[in-house]
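Notes follow once the structure below has been shown.
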Amino acid sequence: MGSNSLHVLKGINFDVKAGELVSIMGSSGSGKSTLLNILGMLDEADKGEYILDNVPIKNLNEKIAAKYRNEFLGFIFQSFNLINYKSALDNVSMPLYYKGVKRKERTDRAMHYLEKVGLAEWSHHLPSELSGGQKQRVAIARALASDPKVLLADEPTGALDTKTSYEVMELIQGINDEGKTILVVTHEHDIAQMTKRIVNLKDGVIIDDSKVEQVRASQHV
Amino acid sequence: MFDIERWQEIFETLRKNKLRTFLTGLSVFIGIFILVMLLGFSTGISNGVRSQFEQDATNRISVWTGVTTKGYKGLNPGRYVQLKNSSFEAVQNKYDDLLEYRTKDYMIWGGTVTYKNETGNFRIRGTLPDNQFIENADIGSGRFVSQSDLQNNKKVAVIGNKMKKDLFKDEDPIDKNIQIFGMNFKVIGVFYDPGGDREESQVYIPVTTAQQVFNAGDNIRNMAFTVKMANNFDQAVAQSTAIAEGIEAQIKEIHTVAPDDQSAVRVNNTLEEAKKIYSLIATIQAVFWFVGIGTIIAGIVGVGNIMLIVVKERTKEIGIRKALGALPMSIVGMILQEAVFVTMFAGLFGLIFGLGLLELVGPQIESDFIKYPQVNFNIALTTVFLLVIAGALAGFIPAYRAAKIKPIVALRDE
């Protein structure tokens, strides 16, 4: 973007094992979102290596990036990013459509994930008819739908109030308990405490990387 | 393209965005509809003008005489040029091979015609059998003047349909006697003429009879010919112009008229007139096409514009779809397929609606100058496809650009 290049990340080296629940913290401008975008193949690093499930991710053309995104990754965004003219069910089945799953099976699987996030009754509602927390839960169901290896959540609670935030975190913890690897970008300490490991970024380098005692969100709800 | 899943996705998107779908469709619909109307009416006008023109044979050359305006070879101006049988024969002999039909007429502009108690004033025209074809007269019942009528100076009459209605009402006129200036004539036929009432208010009798009963000797009032048509229209026009000029020169010479005297001998060449009319029709059609193509271009620009807005509006959605694993080409494909479907559907609908309206309203139009408005279906269909292709092209560039945007940029919150 533009001619002025700005080095955001200046040497990051860390591993995430399967089944981990990691939060990436840092003040704004620390590069946490950029890191997540690189991990999510929405952006590409100028230098360095990124290996996902023993597959080196580099020199991606659009086609392969799309395939990897679809198979390996599930995204959860701060602003939910649901398609506003599609029902909750259709939003959830979207990744399956791009995976080439047939309509019938798509609907069944999407319904299953909606049940999982507790929104089965809301399956035919449009996003505009749902509350913020419900929207985020639809987004989580969508991220899970294609059964990805890693969930990437960019400030998943950023647009929600505390109570709803904890509900969403409870859901995320539950998913992690089932063995899914999850990375959460956040700048809220209470949210970070609900993960199992906190990576602290400042000015593009990791200043701290430590395991934490997980606070169960269910205690706060 | 034939992926049923893709179509389901597209129909759903269209259904959920009704206003957008409607507006895109509307601009295409109106474009095609107006084009169909314009083309229909341009054809209607051509048909109308053509039928006005076909009152008489289009390849006709007629010769009339008047009073000389110039002195020539010692003769004074102001002299009436009287055509004679011999003038007609001279022309006929000279151009025999090139002429199709020929007639010489002796006519009385207005004469009293009576049947029983009904009387009217009609034009009385002594003529030759060929005149039926030169005047484009259709025989409704009975027959036209024949060669044997001429040879025997028979007192027979072929009356126009208007005249029949005036004098005979519902009665069958064939073999009845009518009185022309008190002389008995037997009606042998009734004719129709595309020229309408005016042309149907006359009575044809054999020219020899006319010359005899009106004491005209071998005088004739005018003569008319049709020229054998060459296959090529321009060639036919050139040929008939040449013949018309030749006849004019010949008549002037026979009757000692100055070659540059415009009013003494007038030769009217309808084919030359026809050429003017046809080029007028061509101009009208060109203008209609020009306006029609302008409308289509406006439609294309409209579709392109809507596509641009659609893509802009859907940038975020495109970002989401890409984040979920959509290929760039599937996004371009989705947007284009949607656009093509809507333009095609609306275009065909406009086409059918336009054709239907022409079909319905066309026969109701009672104007001499608009007849049977219709559209060449293939041309109309081609324009629909042209519009669809152009609309797709106009939509391709923004769609392609949108699909190239990194999802991270598309998803960025504004």
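Simple scheme: letters A, B, ... for chains in structure tokens order, numbers from 1 for residues in each chain, numbers from 1 for ligands in the order shown.
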*asked:* To test your reading of the structure, identify every residue in region 90-309 of chain B that backbone DSSP assigns to strand (DSSP E), and report it as number ranges by chain.
replied: B: 99-115, 118-127, 138-142, 156-160, 177-180, 183-192, 202-206, 219-220, 222-227, 265-269
Could you build a table of the residues in chain A lying no more than 7 Å from chain B, giving for each the nearest pair of atoms and their separation in Å rounded to one decimal place, using only C-alpha atoms, ordered by chain and ascending residue number, as a Markdown table?
| residue | atom | partner | partner_atom | distance |
| --- | --- | --- | --- | --- |
| A:Leu42 | CA | B:Ile408 | CA | 5.6 |
| A:Asp43 | CA | B:Ile408 | CA | 6.9 |
| A:Glu62 | CA | B:Leu327 | CA | 7.0 |
| A:Lys63 | CA | B:Leu327 | CA | 5.8 |
| A:Ala66 | CA | B:Gly325 | CA | 4.4 |
| A:Lys67 | CA | B:Gly325 | CA | 5.8 |
| A:Arg69 | CA | B:Gly325 | CA | 5.3 |
| A:Asn70 | CA | B:Gly325 | CA | 4.2 |
| A:Asn81 | CA | B:Ile320 | CA | 6.6 |
| A:Ile83 | CA | B:Glu317 | CA | 6.1 |
| A:Tyr85 | CA | B:Lys16 | CA | 6.2 |
| A:Pro95 | CA | B:Leu324 | CA | 5.2 |
| A:Tyr98 | CA | B:Ala326 | CA | 5.8 |
Could those selected residues go to a file with C-alpha atoms, as a PDB file, in the first residue's frame?
ATOM      1  CA  LEU A  42      -5.190 -12.501   4.191  1.00  0.00           C
ATOM      2  CA  ASP A  43      -1.828 -10.783   4.000  1.00  0.00           C
ATOM      3  CA  GLU A  62      -4.975 -16.517  -5.200  1.00  0.00           C
ATOM      4  CA  LYS A  63      -6.256 -19.950  -6.000  1.00  0.00           C
ATOM      5  CA  ALA A  66      -8.399 -19.498  -1.266  1.00  0.00           C
ATOM      6  CA  LYS A  67      -8.125 -23.265  -0.908  1.00  0.00           C
ATOM      7  CA  ARG A  69      -8.260 -20.436   3.789  1.00  0.00           C
ATOM      8  CA  ASN A  70     -11.203 -22.645   3.132  1.00  0.00           C
ATOM      9  CA  ASN A  81     -18.698  -9.689   8.851  1.00  0.00           C
ATOM     10  CA  ILE A  83     -23.478 -11.257   4.797  1.00  0.00           C
ATOM     11  CA  TYR A  85     -28.933 -10.388   3.147  1.00  0.00           C
ATOM     12  CA  PRO A  95     -17.704 -21.905   3.589  1.00  0.00           C
ATOM     13  CA  TYR A  98     -17.028 -22.872  -1.450  1.00  0.00           C
TER      14      TYR A  98
END
*Write out as a ChimeraX atom specification all residues of region 163-314 of chain B that DSSP puts in alpha helix (DSSP H) for this structure's backbone.*
/B:163-168,197-200,207-213,233-254,270-313
*Selection: 12 Å around Ile300 (chain B), only C-alpha atoms, excl. self and same-chain fewer than 6 positions, as a ChimeraX atom specification*: /B:24-32,293-294,306-307,339-340,343,347,383-395
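Put simply, CA of Gly26 (chain A) is 17.6 Å away from CA of Ala159 (chain A).
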*Can you tell me, as a list in words, what residues are no more than 8 Å from region 87-91 of chain B when counting only C-alpha atoms, ignoring any on the same chain fewer than 3 positions away?*
Leu83, Lys84, Lys94, Tyr95, Asp96, Lys104, Met223, Ile247, Gln250, Ile251 and Ile254 of chain B
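Our summary of the geometry notes that CA of Arg216 (chain A) is positioned 20.2 Å from CA of Ile76 (chain A).
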*Give the answer as one residue: which of B:Val361, B:Asn232, B:Glu118, B:Lys155 has the shortest atom-to-atom distance to Pro373 (chain B), using only C-alpha atoms?*
B:Val361
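Taking only C-alpha atoms into account, Ala230 (chain B) lies nearest to B:Glu100 out of the set B:Ala380, B:Asp3, B:Glu100, B:Leu167.
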*asked:* At a cut-off of 8 Å, using only C-alpha atoms, what residues contact region 264-271 of chain B? Leave out same-chain residues fewer than 2 positions from it and give the result as a VMD selection string.
replied: chain B and resid 58 to 69 80 to 81 237 240 to 241 244 to 245 247 to 248 251 to 252 257 261 to 262 273 to 275
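Comparing the minimum interatomic distances between Asp15 (chain A) and each of A:Asp154, A:Glu44, A:Glu167, A:Asp53, counting only C-alpha atoms, we find that A:Asp53 sits nearest.
Comparing A:Gly204, A:Gly174, A:Gly40, A:Gly132 by their smallest distance to Leu73 (chain A), the closest is A:Gly40 (using only C-alpha atoms).
One finds CA of Val190 (chain B) at 17.6 Å from CA of Val207 (chain B).
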_Can you tell me which residues surround Ala120 (chain A) at a distance of at most 12 Å, considering only C-alpha atoms, apart from same-chain residues fewer than 2 positions away, and format the answer as a VMD selection string?_
chain A and resid 87 to 89 92 107 to 118 122 to 125 134 137 to 138 141
Prev. selection, C-alpha atoms, output as a tab-separated table (two decimals), in the first residue's frame:
chain	number	residue	atom	x	y	z
A	87	SER	CA	-30.04	-15.85	6.95
A	88	ALA	CA	-27.93	-17.15	9.84
A	89	LEU	CA	-28.12	-20.64	8.37
A	92	VAL	CA	-22.92	-20.58	8.24
A	107	THR	CA	-27.75	-27.22	5.39
A	108	ASP	CA	-27.49	-30.19	7.75
A	109	ARG	CA	-23.95	-29.37	8.79
A	110	ALA	CA	-24.66	-25.66	9.13
A	111	MET	CA	-27.65	-26.48	11.30
A	112	HIS	CA	-25.47	-28.69	13.46
A	113	TYR	CA	-23.04	-25.84	14.13
A	114	LEU	CA	-25.84	-23.39	14.79
A	115	GLU	CA	-27.17	-25.80	17.41
A	116	LYS	CA	-23.69	-25.96	18.85
A	117	VAL	CA	-23.64	-22.19	19.40
A	118	GLY	CA	-27.19	-22.32	20.68
A	122	TRP	CA	-32.65	-18.31	14.95
A	123	SER	CA	-31.46	-20.13	11.84
A	124	HIS	CA	-33.79	-18.29	9.48
A	125	HIS	CA	-33.24	-14.84	10.89
A	134	GLN	CA	-25.86	-13.70	18.59
A	137	ARG	CA	-22.01	-16.72	17.69
A	138	VAL	CA	-23.26	-17.11	14.10
A	141	ALA	CA	-20.49	-21.28	13.83
*Surrounding residues of Phe191 (chain B) excluding itself and chain neighbours under 6 positions, 10 Å, only C-alpha atoms, as JSON, numbers by chain*: {"B": [132, 136, 137, 138, 139, 140, 141, 142, 143, 144, 158, 159, 160, 161, 162, 163, 164, 199, 200, 202, 203, 204]}
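Shortest atom-to-atom contact with Thr256 (chain B) among B:Gly74, B:Gly304, B:Gly217, B:Gly333: B:Gly74, counting only C-alpha atoms.
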